[in-house]
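Below is one structure; the comments refer to it alone.
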Amino acid sequence: MAEAPIPQSILEASGVVGTWTHDYWAGRLALSATFAGLLGLDPEAAANGVSLEAFLDRTHPEDRIRIESYLHAVAETGGPMEAEFRTRDTRAGIRTLLLRGRIERDPAGGATRGRGIAIDRTEEQAANLVQSERMVNRMAEHIIALRDLARALRRPALTDRIEHLMIEIGFELARFLPEPEDEPRH
């Protein structure tokens, strides 16, 4: 008995935003419409295949060299592949995408085709960041209470150690502060 196709709503709930197929012989990467849209590519053109260069042009500049190197390396070895990268800023904003798939090889060992899915991890990462920030805030609240207890016990050495820990927690909290803008402020 043939399996029923997975409904699109289930795929979307799992973060799957599309599919990709890389024809190594033709040097073209075909992308589904939603995936192409997240990259800021024309969905119709992407369905027919875009060059690897056009795809790489849509990756975030800080991720481009790493992704390009990884894609070339996985073409040499074949097999399963998984790569996470950010997109350039498009109408959908900067997104964090995960490509997961498999690179097929011919009998001579050359890459013939890669295919797989694209998963949007942007919301998942944002939720993880919020959860981490909450946990560090809770640690800060607890360490402040612990310092107050140590002071009430009149244990200066213990209070000193707790205050050093408070500094470390402060550094951890600072990781969640927004990056300062590069432009000078007036």
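The way I read the labels, and the way they are meant: chains A, B, ... in the order of the structure tokens, residue 1 as the first residue of every chain, and ligand 1 as the first ligand shown, with later ones counted on from there.
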> Per DSSP on the backbone, what are the helix (DSSP H, G or I) residues of region 100-181 of chain A, as number ranges by chain?
Replying inline: A: 122-152, 156-174
> What lies within 12 Å of Glu44 (chain A) using only C-alpha atoms, ignoring chain neighbours under 4 positions off, as a list of chain:residue names?
Replying inline: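 Near Glu44 (chain A), the qualifying residues are A:Ala30, A:Leu31, A:Ser32, A:Ala33, A:Thr34, A:Phe35, A:Ala36, A:Gly37, A:Gly40, A:Asn48, A:Gly49, A:Val50.
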> How many Å separate CA of Ser51 (chain A) from CA of Leu29 (chain A)?
Replying inline: 6.0 Å
>> What's the separation between CA of Ala26 (chain A) and CA of Asp120 (chain A), in Å to one decimal place?
In response: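 These two atoms are separated by 27.0 Å.
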>> Quick one: residues within 9 Å of Glu163 (chain A), only C-alpha atoms, excluding same-chain residues fewer than 3 positions away - as a list in words?
In response: Ile143, Ile144, Arg147, Leu158, Thr159, Asp160, Met166, Ile167 and Glu168 of chain A
Kindly save the residues from that selection, with N, CA and C atoms included, as a tab-separated table (two decimals), in the first residue's frame.
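The resulting again00.tsv:
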chain	number	residue	atom	x	y	z
A	143	ILE	N	20.71	34.44	42.71
A	143	ILE	CA	22.03	34.77	43.27
A	143	ILE	C	21.94	36.03	44.13
A	144	ILE	N	21.06	36.96	43.77
A	144	ILE	CA	20.85	38.16	44.60
A	144	ILE	C	20.28	37.74	45.95
A	147	ARG	N	23.04	36.10	47.95
A	147	ARG	CA	23.96	37.09	48.52
A	147	ARG	C	23.36	37.70	49.79
A	158	LEU	N	32.04	34.12	52.01
A	158	LEU	CA	30.98	33.55	51.19
A	158	LEU	C	30.31	34.64	50.35
A	159	THR	N	30.07	35.80	50.97
A	159	THR	CA	29.49	36.92	50.24
A	159	THR	C	30.39	37.32	49.08
A	160	ASP	N	31.70	37.34	49.31
A	160	ASP	CA	32.66	37.70	48.25
A	160	ASP	C	32.58	36.72	47.08
A	166	MET	N	28.05	36.68	40.79
A	166	MET	CA	27.12	37.69	40.26
A	166	MET	C	27.71	38.39	39.04
A	167	ILE	N	29.01	38.66	39.10
A	167	ILE	CA	29.68	39.30	37.95
A	167	ILE	C	29.62	38.38	36.73
A	168	GLU	N	29.87	37.09	36.92
A	168	GLU	CA	29.80	36.14	35.80
A	168	GLU	C	28.39	36.07	35.21
Compile a residue-level contact table for region 98-140 of chain A against region 17-21 of chain A at a cut-off of 12 Å, reporting for every qualifying residue the shortest atom pair and its distance in Å to one decimal, with only C-alpha atoms counted, rows ordered by chain and ascending number, as a Markdown table.
| residue | atom | partner | partner_atom | distance |
| --- | --- | --- | --- | --- |
| A:Leu98 | CA | A:Val17 | CA | 9.9 |
| A:Leu99 | CA | A:Trp20 | CA | 8.5 |
| A:Arg100 | CA | A:Thr19 | CA | 9.4 |
| A:Gly101 | CA | A:Trp20 | CA | 8.7 |
| A:Arg102 | CA | A:Thr21 | CA | 9.8 |
| A:Ile103 | CA | A:Thr21 | CA | 9.6 |
| A:Glu104 | CA | A:Thr21 | CA | 10.9 |
| A:Thr112 | CA | A:Thr21 | CA | 10.6 |
| A:Arg113 | CA | A:Thr21 | CA | 7.1 |
| A:Gly114 | CA | A:Thr21 | CA | 5.6 |
| A:Arg115 | CA | A:Thr21 | CA | 4.2 |
| A:Gly116 | CA | A:Trp20 | CA | 5.5 |
| A:Ile117 | CA | A:Thr19 | CA | 4.2 |
| A:Ala118 | CA | A:Gly18 | CA | 5.3 |
| A:Ile119 | CA | A:Val17 | CA | 5.5 |
| A:Asp120 | CA | A:Val17 | CA | 6.3 |
| A:Arg121 | CA | A:Val17 | CA | 9.9 |
| A:Thr122 | CA | A:Val17 | CA | 11.6 |
>> According to DSSP computed on the backbone, where in chain A is there strand (DSSP E)? Give the residues as a VMD selection string.
In response: chain A and resid 16 to 23 28 to 31 50 to 51 79 to 86 96 to 105 111 to 120
Fewer than 2 positions away in the same chain doesn't count, so skip those; otherwise give me all residues within 10 Å of Arg86 (chain A), counting only C-alpha atoms, as an mmCIF file with N, CA and C atoms, in the first residue's frame.
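Once written, result10.cif looks like this:
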data_model
loop_
_atom_site.group_PDB
_atom_site.id
_atom_site.type_symbol
_atom_site.label_atom_id
_atom_site.label_comp_id
_atom_site.auth_asym_id
_atom_site.auth_seq_id
_atom_site.Cartn_x
_atom_site.Cartn_y
_atom_site.Cartn_z
ATOM 1 N N LEU A 39 14.426 33.395 0.031
ATOM 2 C CA LEU A 39 15.753 33.839 -0.409
ATOM 3 C C LEU A 39 15.693 35.129 -1.215
ATOM 4 N N ARG A 58 22.360 34.913 -2.211
ATOM 5 C CA ARG A 58 21.224 35.164 -1.315
ATOM 6 C C ARG A 58 21.517 34.732 0.121
ATOM 7 N N THR A 59 22.724 34.198 0.366
ATOM 8 C CA THR A 59 23.094 33.860 1.740
ATOM 9 C C THR A 59 23.695 35.092 2.409
ATOM 10 N N HIS A 60 23.605 35.143 3.710
ATOM 11 C CA HIS A 60 24.144 36.264 4.475
ATOM 12 C C HIS A 60 25.652 36.356 4.213
ATOM 13 N N PRO A 61 26.185 37.561 4.024
ATOM 14 C CA PRO A 61 27.617 37.703 3.712
ATOM 15 C C PRO A 61 28.539 37.018 4.730
ATOM 16 N N GLU A 62 28.169 37.008 6.008
ATOM 17 C CA GLU A 62 29.011 36.367 7.019
ATOM 18 C C GLU A 62 28.981 34.843 6.925
ATOM 19 N N ASP A 63 27.988 34.278 6.254
ATOM 20 C CA ASP A 63 27.848 32.822 6.147
ATOM 21 C C ASP A 63 28.282 32.291 4.783
ATOM 22 N N ARG A 64 28.431 33.159 3.811
ATOM 23 C CA ARG A 64 28.623 32.725 2.428
ATOM 24 C C ARG A 64 29.842 31.821 2.224
ATOM 25 N N ILE A 67 29.358 28.365 3.816
ATOM 26 C CA ILE A 67 28.381 27.531 3.102
ATOM 27 C C ILE A 67 28.942 27.078 1.757
ATOM 28 N N GLU A 84 23.380 24.953 7.929
ATOM 29 C CA GLU A 84 22.546 26.033 8.436
ATOM 30 C C GLU A 84 23.195 27.358 8.055
ATOM 31 N N ARG A 88 20.159 36.687 3.193
ATOM 32 C CA ARG A 88 20.278 38.137 3.111
ATOM 33 C C ARG A 88 18.937 38.716 3.524
ATOM 34 N N ASP A 89 18.916 39.976 3.854
ATOM 35 C CA ASP A 89 17.666 40.624 4.246
ATOM 36 C C ASP A 89 16.762 40.758 3.018
ATOM 37 N N ILE A 94 15.748 38.708 7.664
ATOM 38 C CA ILE A 94 16.856 37.748 7.681
ATOM 39 C C ILE A 94 16.327 36.485 8.349
ATOM 40 N N ARG A 95 16.446 35.377 7.662
ATOM 41 C CA ARG A 95 15.941 34.105 8.178
ATOM 42 C C ARG A 95 17.118 33.160 8.404
ATOM 43 N N THR A 96 16.960 32.234 9.332
ATOM 44 C CA THR A 96 17.936 31.167 9.538
ATOM 45 C C THR A 96 17.338 29.900 8.947
ATOM 46 N N LEU A 97 18.014 29.377 7.934
ATOM 47 C CA LEU A 97 17.514 28.193 7.235
ATOM 48 C C LEU A 97 18.462 27.022 7.420
ATOM 49 N N LEU A 98 17.896 25.847 7.426
ATOM 50 C CA LEU A 98 18.660 24.614 7.516
ATOM 51 C C LEU A 98 18.361 23.801 6.263
ATOM 52 N N ASP A 120 12.954 26.358 8.054
ATOM 53 C CA ASP A 120 13.138 27.697 8.605
ATOM 54 C C ASP A 120 13.253 27.572 10.122
ATOM 55 N N ARG A 121 14.417 27.899 10.658
ATOM 56 C CA ARG A 121 14.673 27.759 12.097
ATOM 57 C C ARG A 121 14.625 29.098 12.828
ATOM 58 N N THR A 122 14.194 30.159 12.142
ATOM 59 C CA THR A 122 14.214 31.501 12.715
ATOM 60 C C THR A 122 13.408 31.589 13.999
#
>> When you look at Gly110 (chain A) with a cut-off of 9 Å (counting only C-alpha atoms), what residues show up, excluding the ones that are within fewer than 6 positions of it in the same chain? I need them as an NGL selection string.
In response: :A and (75-78 or 104)
Same residues, all heavy atoms, saved as a compact mmCIF listing (two decimals), in the first residue's frame:
# COMPACT_ATOMS: atom_id res chain seq x y z
N ALA A 75 29.96 17.79 -1.91
CA ALA A 75 29.89 17.27 -3.28
C ALA A 75 31.01 16.25 -3.53
O ALA A 75 30.83 15.30 -4.27
CB ALA A 75 29.99 18.41 -4.29
N GLU A 76 32.14 16.44 -2.86
CA GLU A 76 33.26 15.52 -3.01
C GLU A 76 33.02 14.19 -2.30
O GLU A 76 33.45 13.14 -2.77
CB GLU A 76 34.55 16.15 -2.45
CG GLU A 76 35.04 17.32 -3.25
CD GLU A 76 35.51 16.92 -4.65
OE1 GLU A 76 36.16 15.87 -4.78
OE2 GLU A 76 35.20 17.66 -5.59
N THR A 77 32.32 14.24 -1.17
CA THR A 77 32.13 13.01 -0.38
C THR A 77 30.80 12.34 -0.63
O THR A 77 30.67 11.13 -0.47
CB THR A 77 32.26 13.32 1.12
OG1 THR A 77 31.25 14.27 1.49
CG2 THR A 77 33.62 13.87 1.46
N GLY A 78 29.78 13.12 -0.97
CA GLY A 78 28.44 12.57 -1.15
C GLY A 78 27.82 12.17 0.17
O GLY A 78 28.37 12.42 1.24
N GLU A 104 23.81 12.42 -4.13
CA GLU A 104 23.98 11.13 -4.80
C GLU A 104 25.22 11.17 -5.68
O GLU A 104 25.57 12.21 -6.23
CB GLU A 104 22.73 10.84 -5.65
CG GLU A 104 21.48 10.74 -4.81
CD GLU A 104 20.21 10.71 -5.66
OE1 GLU A 104 20.30 10.70 -6.90
OE2 GLU A 104 19.12 10.70 -5.05
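CA of Leu153 (chain A) sits 22.8 Å away from CA of Arg138 (chain A).
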